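**Q** Have a look at this one.
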Amino acid sequence: MSGGLLVAGTTSDAGKSVLTAGICRWLHRQGVAVAPFKAQNMSNNSAVVIGPDGRAGEIGRAQAMQAAACGVPADLRFNPVLLKPGSDRSSQVILLGEAVDTITADNFRSLRPRLAEAAFAALTELRTEYDVVVCEGAGSPAEINLRDADYTNMGLARHARLPTIVVGDIDRGGVFASMFGTLALLDAADQALVAGYVINKFRGDLGLLRPGLEMLTQLTGRPTYGVLPWHVDLWLDAEDSLAYGQVLGRPAPPRGSEWLDVAVLRLPRISNATDVEALATEPGVRVRLTVEPAEIAAADLVVLPGSKSTVADLDWLRRTGLAEAVRAHVAAGRPLLGICGGFQMLARTITDEVESGRGQVPGLGLLPIEITFGARKTVARSAGTAGTAGTPFGPVPVRGYEIHHGYVSAADPALSPLLHHSDGRTEGAVAGTVFGTHWHGTFSSDEFRRRFLAEAARLANRHGFQVAPDTSFAAARERTLDLLGDLVEEHLDTTALWRLIEQGAPGGLPFVPPGAPATPAFVSDAPAPRSSADAPAPRSSADPTSAEVAAEPPPPGSAVGRTSSG
């Protein structure tokens with residue numbers, strides 16, 4: 001078959017990424033060959049994927065997580081266009097894994113045909129290789145100022161004839177207004193593909209919510225496919241660092257007598273903040289994302305994470321007083337770790353003619369190195385060891401990935417490396433209590449993470465902290481994906497959802513005024529989905545209480561079918 005589905009959302013962070021992953025895991029459990037897809041992602045949280053030609057490239061981290069939910073290796077085509085914001089006005093364009101341009105408001109419309117065609121071609125290929133492709137939208141489909149250039153939401157749905165469900169976050173409030181308004185701001189052709197809704201992050205008595213769901217169906221002629229509950233354990237692999245609260249996850253009690261407090265600087269252009277999530281899975285480790293100098297002063301370990309704009313974020317550290325707080329932390333003899341852009345900030349000088357164009361600027365001067373930015377971007381998966389015999393770390397195996405323009409152009413000859421590549425090249429630096437590396441993802445290596453935390457606790461004089469010997473970050477990720485699949489099976493009408501994937505949006509869905517001016521499809525001759533007879537139909541384990549009512553005619557006085565002047 002060539003089934004497909006678009007998961008759109010009323011807003012950013014409405015739950016599109018986790019719902020897409022949950023649907024993917026549910027289908028994978030049923031024996032369906034399924035793949036994720038997001039035509040365009042805007043995020044500085046990315047993953048490194050090895051393409052079929054052996055070239056390393058970047059995709060959005062959410063699509064790598066969704067690939068794991070599908071039980072398939074991540075593929076560059078799962079996120080053909082990735083925009084990495086470097087400022088409020090420009091983003092680096094990653095096309096099929098490779099940095100190719102910088103996009104601004106001025107050149108967006110001229111670049112858009114090339115990006116759209118690449119995204120459409122990638123989806124077409126994936127639909128020939130998989131039974132089902134579950135597509136995730138971006139932002140909201142009702143961005144009426146951008147609809148004529150859209151290839152990620154209804155533009156994609158129109159091109160590929162994808163049935164669409166809209167997810168809304170009830171925890172934010174106003175979910176019914178946003179559901180109704182999203183539909184009512186689409187033109188008739190777009191509305192014809194929107195089949196229904198999913199409510200996300202519900203807390204409380206479902207009986208109190210049900211009358212609202214019934215009224216939403218009466219007003220729009222479309223069902224709610226289910227209500228997903230708010231769940232405390234859904235926090236790993238956040239699509240956007242803005243989704244984080246003050247404390248990551250739900251820290252388990254310490255194995256020893258003391259906690260280890262970790263403060264992570266929440267930089268304006270923070271990238272790959274997911275690096276520290278592995279720390280937050282450890283019992284007794286409390287990880288905070290912060291912009292408060294007082295929390296830096298109170299922390300045992302401080303982490304300067306990656307940044308898409310190293311020089312600009314370094315300026316911000318100085319303006320906010322955080323730079324001095326970091327220096328004071330080191331002066332007190334407590335540990336500091338810099339990762340990628342954060343590592344670069346620790347240098348004596350940074351010479352950047354690539355990202356900021358500022359030339360040479362002073363770094364924090366906490367490591368005896370100099371950083372220079374090169375035009376060629378390093379994108380790689382890396383493996384090697386941490387430490388050497390007789391050092392606190394090792395030697396222990398460690399894996400990670402690299403995404404950076406900056407490199408160490410000079411260093412004190414006596415400086416010790418933090419890591420060694422498999423081929424013997426050195427990586428990163430250790431000077432007293434200051435550690436740095438360009439490698440992301442090293443804390444996913446369990447033994448390295450344990451030894452680093454043990455050393456951080458020693459340096460911070462947290463002698464009562466004990467590292468748990470059995471925490472597996474890979475297992476924690478799998479539990480999250482299984483939980484997402486469980487929630488879909490238990491709380492969505494999976495029979496109706498499968499019918500939607502198999503048959504497409506039902507005919508005769510009513511138009512909800514006022515609508516928007518008609519928007520021509522970017523490509524009008526997209527192939528229709530083939531028969532699904534050769535794919536196994538998933539089982540339904542949810543109570544089918546919502547998705548059958550769409551066929552009922554709207555009651556008198558409802559908004560459905562009125563003219564805009566009515």
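To be explicit about the labels: the chains of the structure tokens are called A, B, and onward in the order shown, and within each one the residues are counted from 1, while ligands get numbers from 1 in the order they are shown.
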Mind checking DSSP for range 68-258 of chain A and telling me the helix (DSSP H, G or I) residues as an MDAnalysis selection string?
**A** chainID A and resid 68:70 76:78 108:129 147:149 154:160 170:172 175:184 188:191 206:220 241:243
**Q** What lies within 6 Å of range 133-142 of chain A using only C-alpha atoms, ignoring chain neighbours under 2 positions off, as an mmCIF file with C-alpha atoms, in the first residue's frame?
**A**
```
data_model
loop_
_atom_site.group_PDB
_atom_site.id
_atom_site.type_symbol
_atom_site.label_atom_id
_atom_site.label_comp_id
_atom_site.auth_asym_id
_atom_site.auth_seq_id
_atom_site.Cartn_x
_atom_site.Cartn_y
_atom_site.Cartn_z
ATOM 1 C CA GLY A 4 -0.180 8.373 4.542
ATOM 2 C CA LEU A 5 -1.271 10.781 7.232
ATOM 3 C CA LEU A 6 -0.443 14.379 8.134
ATOM 4 C CA VAL A 7 -0.350 15.313 11.806
ATOM 5 C CA ALA A 8 -0.883 19.073 11.936
ATOM 6 C CA GLY A 9 -1.125 21.227 15.054
ATOM 7 C CA THR A 10 -2.912 24.315 16.223
ATOM 8 C CA THR A 11 0.425 25.796 17.374
ATOM 9 C CA SER A 12 4.086 24.981 17.717
ATOM 10 C CA VAL A 34 6.194 2.766 8.573
ATOM 11 C CA ALA A 35 8.417 5.830 8.235
ATOM 12 C CA PRO A 36 8.222 9.391 9.594
ATOM 13 C CA PHE A 37 8.465 12.530 7.492
ATOM 14 C CA LYS A 38 8.674 16.260 8.098
ATOM 15 C CA ILE A 144 -2.609 32.520 6.293
ATOM 16 C CA THR A 152 4.946 21.592 5.039
ATOM 17 C CA ASN A 153 1.295 21.605 6.118
ATOM 18 C CA THR A 182 -7.594 26.469 12.500
ATOM 19 C CA LEU A 185 -9.056 29.766 8.311
#
```
**Q** Kindly give the distance, in Å, that separates CA of Arg288 in chain A and CA of Val262 in chain A, rounded to a single decimal.
**A**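 One can read the CA of Arg288 in chain A to CA of Val262 in chain A distance as 6.2 Å.
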**Q** Tell me which of A:Arg255, A:Arg376, A:His491, A:His404 sits closest to Gly342 in chain A, counting only C-alpha atoms.
**A**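 Nearest to Gly342 in chain A: A:His404.
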**Q** Would you work out the distance separating CA of Thr437 in chain A from CA of Phe78 in chain A, expressed in Å to one decimal?
**A** 28.4 Å
**Q** What lies within 7 Å of range 503-507 of chain A using only C-alpha atoms, ignoring chain neighbours under 2 positions off, as number ranges by chain?
**A** A: 162-163, 193, 195, 499-501, 509
**Q** Dump C-alpha atoms for the selected residues as a PDB file, in the first residue's frame?
**A**
```
ATOM      1  CA  LEU A 162      -2.880  13.231   2.727  1.00  0.00           C
ATOM      2  CA  PRO A 163      -5.723  12.957   5.233  1.00  0.00           C
ATOM      3  CA  LEU A 193      -8.505  16.978   3.821  1.00  0.00           C
ATOM      4  CA  ALA A 195     -10.629  14.726   8.931  1.00  0.00           C
ATOM      5  CA  ARG A 499      -9.319   3.610   8.110  1.00  0.00           C
ATOM      6  CA  LEU A 500      -8.197   7.200   7.601  1.00  0.00           C
ATOM      7  CA  ILE A 501      -4.654   6.114   6.724  1.00  0.00           C
ATOM      8  CA  LEU A 509     -16.734  16.864   4.884  1.00  0.00           C
TER       9      LEU A 509
END
```
**Q** Would you mind telling me which residue in A:Val303, A:Leu83, A:Leu146, A:Met345 lies nearest to Pro362 in chain A when using only C-alpha atoms?
**A** A:Met345
**Q** Neighbouring residues of Thr378 in chain A were defined as those with any atom within 8 Å, considering only C-alpha atoms; residues of the same chain fewer than 4 positions away were excluded. Please report them as a PyMOL selection string.
**A** chain A and resi 402-405
**Q** Write to file, as an mmCIF file, in the first residue's frame, the residues of the selection just made, with C-alpha atoms.
**A**
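Once written, result05.cif looks like this:
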```cif
data_model
loop_
_atom_site.group_PDB
_atom_site.id
_atom_site.type_symbol
_atom_site.label_atom_id
_atom_site.label_comp_id
_atom_site.auth_asym_id
_atom_site.auth_seq_id
_atom_site.Cartn_x
_atom_site.Cartn_y
_atom_site.Cartn_z
ATOM 1 C CA GLU A 402 29.881 16.543 15.458
ATOM 2 C CA ILE A 403 28.151 19.573 13.893
ATOM 3 C CA HIS A 404 30.374 22.667 13.858
ATOM 4 C CA HIS A 405 32.215 25.273 11.791
#
```
**Q** May I ask which of the residues A:Glu129, A:Asp275, A:Asp315, A:Glu282 is the closest one to Gly338 in chain A, counting only C-alpha atoms?
**A**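 Smallest separation from Gly338 in chain A among the options: A:Asp275.
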**Q** Go through range 372-437 of chain A and collect every residue that DSSP, computed from the backbone, puts in strand (DSSP E or B); the answer should be as an MDAnalysis selection string.
**A** chainID A and resid 372:386 389 394 396:411 416 419:421 426:427 429:431 434:437
**Q** Quick one: write out the picked residues with N, CA and C atoms as a short mmCIF file (atom, residue, chain, number, x, y, z; two decimals), in the first residue's frame?
**A**
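File part_18.cif, as written:
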```
data_model
loop_
_atom_site.label_atom_id
_atom_site.label_comp_id
_atom_site.auth_asym_id
_atom_site.auth_seq_id
_atom_site.Cartn_x
_atom_site.Cartn_y
_atom_site.Cartn_z
N THR A 372 39.01 28.92 15.58
CA THR A 372 38.83 29.58 14.29
C THR A 372 37.67 28.92 13.57
N PHE A 373 36.81 29.73 12.95
CA PHE A 373 35.68 29.20 12.20
C PHE A 373 36.09 29.02 10.73
N GLY A 374 35.79 27.83 10.20
CA GLY A 374 36.05 27.56 8.80
C GLY A 374 34.77 27.53 8.00
N ALA A 375 34.86 27.77 6.71
CA ALA A 375 33.68 27.77 5.85
C ALA A 375 33.07 26.37 5.74
N ARG A 376 33.92 25.37 5.78
CA ARG A 376 33.42 24.00 5.67
C ARG A 376 32.88 23.54 7.02
N LYS A 377 31.68 23.01 7.00
CA LYS A 377 31.04 22.56 8.22
C LYS A 377 31.39 21.10 8.48
N THR A 378 31.84 20.80 9.68
CA THR A 378 32.10 19.42 10.08
C THR A 378 30.80 18.78 10.53
N VAL A 379 30.40 17.72 9.86
CA VAL A 379 29.23 16.93 10.23
C VAL A 379 29.66 15.47 10.20
N ALA A 380 29.67 14.83 11.36
CA ALA A 380 30.20 13.46 11.42
C ALA A 380 29.67 12.73 12.64
N ARG A 381 29.62 11.42 12.53
CA ARG A 381 29.49 10.57 13.70
C ARG A 381 30.88 10.19 14.15
N SER A 382 31.08 10.19 15.45
CA SER A 382 32.42 9.97 15.98
C SER A 382 32.40 8.87 17.03
N ALA A 383 33.53 8.20 17.14
CA ALA A 383 33.68 7.15 18.15
C ALA A 383 35.12 7.11 18.60
N GLY A 384 35.31 6.72 19.85
CA GLY A 384 36.67 6.64 20.37
C GLY A 384 36.65 6.28 21.84
N THR A 385 37.56 6.88 22.59
CA THR A 385 37.66 6.61 24.02
C THR A 385 37.80 7.92 24.78
N ALA A 386 37.40 7.88 26.03
CA ALA A 386 37.59 9.01 26.93
C ALA A 386 38.68 8.65 27.93
N ALA A 389 44.57 5.34 30.72
CA ALA A 389 44.79 4.57 31.94
C ALA A 389 45.31 5.48 33.05
N GLY A 394 39.11 6.77 32.41
CA GLY A 394 39.22 5.65 31.53
C GLY A 394 40.46 4.78 31.61
N VAL A 396 37.51 4.56 28.59
CA VAL A 396 36.20 3.96 28.37
C VAL A 396 35.73 4.34 26.97
N PRO A 397 34.97 3.47 26.30
CA PRO A 397 34.48 3.80 24.96
C PRO A 397 33.42 4.91 25.02
N VAL A 398 33.41 5.73 24.00
CA VAL A 398 32.44 6.82 23.94
C VAL A 398 32.09 7.07 22.47
N ARG A 399 30.83 7.38 22.24
CA ARG A 399 30.36 7.74 20.90
C ARG A 399 29.69 9.11 20.96
N GLY A 400 29.69 9.78 19.83
CA GLY A 400 29.02 11.07 19.74
C GLY A 400 28.85 11.48 18.29
N TYR A 401 28.58 12.74 18.09
CA TYR A 401 28.46 13.27 16.73
C TYR A 401 28.90 14.72 16.74
N GLU A 402 29.34 15.19 15.58
CA GLU A 402 29.88 16.54 15.46
C GLU A 402 29.10 17.35 14.44
N ILE A 403 28.81 18.63 14.79
CA ILE A 403 28.15 19.57 13.89
C ILE A 403 28.74 20.95 14.23
N HIS A 404 29.75 21.40 13.49
CA HIS A 404 30.37 22.67 13.86
C HIS A 404 31.21 23.24 12.72
N HIS A 405 31.30 24.57 12.69
CA HIS A 405 32.22 25.27 11.79
C HIS A 405 33.53 25.59 12.49
N GLY A 406 33.49 25.82 13.80
CA GLY A 406 34.68 26.18 14.53
C GLY A 406 35.58 24.98 14.81
N TYR A 407 36.88 25.22 14.90
CA TYR A 407 37.83 24.16 15.23
C TYR A 407 38.95 24.76 16.07
N VAL A 408 39.66 23.90 16.79
CA VAL A 408 40.78 24.34 17.62
C VAL A 408 41.97 24.59 16.69
N SER A 409 42.34 25.88 16.55
CA SER A 409 43.43 26.23 15.64
C SER A 409 44.77 26.35 16.36
N ALA A 410 44.73 26.47 17.69
CA ALA A 410 45.96 26.52 18.48
C ALA A 410 45.63 26.11 19.90
N ALA A 411 46.61 25.46 20.56
CA ALA A 411 46.39 25.01 21.93
C ALA A 411 47.72 24.91 22.65
N SER A 416 45.78 18.61 28.16
CA SER A 416 45.31 17.22 28.03
C SER A 416 44.01 17.18 27.24
N LEU A 419 39.02 13.50 24.95
CA LEU A 419 38.67 12.30 24.20
C LEU A 419 39.75 11.98 23.18
N HIS A 420 39.69 10.75 22.69
CA HIS A 420 40.52 10.33 21.56
C HIS A 420 39.62 9.68 20.51
N HIS A 421 39.79 10.11 19.26
CA HIS A 421 39.12 9.42 18.16
C HIS A 421 39.66 7.99 18.04
N THR A 426 43.31 13.46 18.86
CA THR A 426 42.79 13.96 20.13
C THR A 426 41.60 14.88 19.88
N GLU A 427 40.76 14.99 20.91
CA GLU A 427 39.55 15.81 20.82
C GLU A 427 39.28 16.44 22.18
N ALA A 429 39.38 19.12 25.50
CA ALA A 429 40.44 19.56 26.41
C ALA A 429 39.99 19.43 27.85
N VAL A 430 40.98 19.24 28.73
CA VAL A 430 40.78 19.24 30.18
C VAL A 430 41.86 20.12 30.79
N ALA A 431 41.44 21.10 31.58
CA ALA A 431 42.39 21.95 32.30
C ALA A 431 41.84 22.21 33.69
N VAL A 434 37.96 22.37 34.28
CA VAL A 434 37.27 22.80 33.06
C VAL A 434 37.44 21.74 31.97
N PHE A 435 36.31 21.33 31.39
CA PHE A 435 36.29 20.29 30.36
C PHE A 435 35.58 20.84 29.12
N GLY A 436 36.03 20.40 27.96
CA GLY A 436 35.36 20.84 26.74
C GLY A 436 35.51 19.85 25.61
N THR A 437 34.52 19.81 24.72
CA THR A 437 34.56 18.94 23.54
C THR A 437 33.60 19.46 22.49
#
```
**Q** Please report the interatomic distance between CA of Ala414 in chain A and CA of Leu314 in chain A in Å with one decimal.
**A**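 CA of Leu314 in chain A lies at a distance of 26.3 Å from CA of Ala414 in chain A.
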**Q** Using only C-alpha atoms, which residues sit within 9 Å of Ala299 in chain A once same-chain residues fewer than 5 positions away are excluded, as a list of chain:residue names?
**A**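 Listing them by chain and then by number gives A:Leu260, A:Asp261, A:Val262, A:Ala263, A:Ala294, A:His329, A:Arg334, A:Ala460.
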**Q** Have a look at A:Ile165, A:Ala331, A:Leu267, A:Leu367 and name the one nearest to Ala496 in chain A; count only C-alpha atoms.
**A**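 When distances to Ala496 in chain A are compared using only C-alpha atoms, the smallest one comes from A:Ile165.
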**Q** Quick one: of A:Lys84, A:Arg77, A:Arg147, A:Arg250, who's nearest to Arg109 in chain A, counting only C-alpha atoms?
**A**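 Of A:Lys84, A:Arg77, A:Arg147, A:Arg250, the one nearest Arg109 in chain A is A:Arg147, counting only C-alpha atoms.
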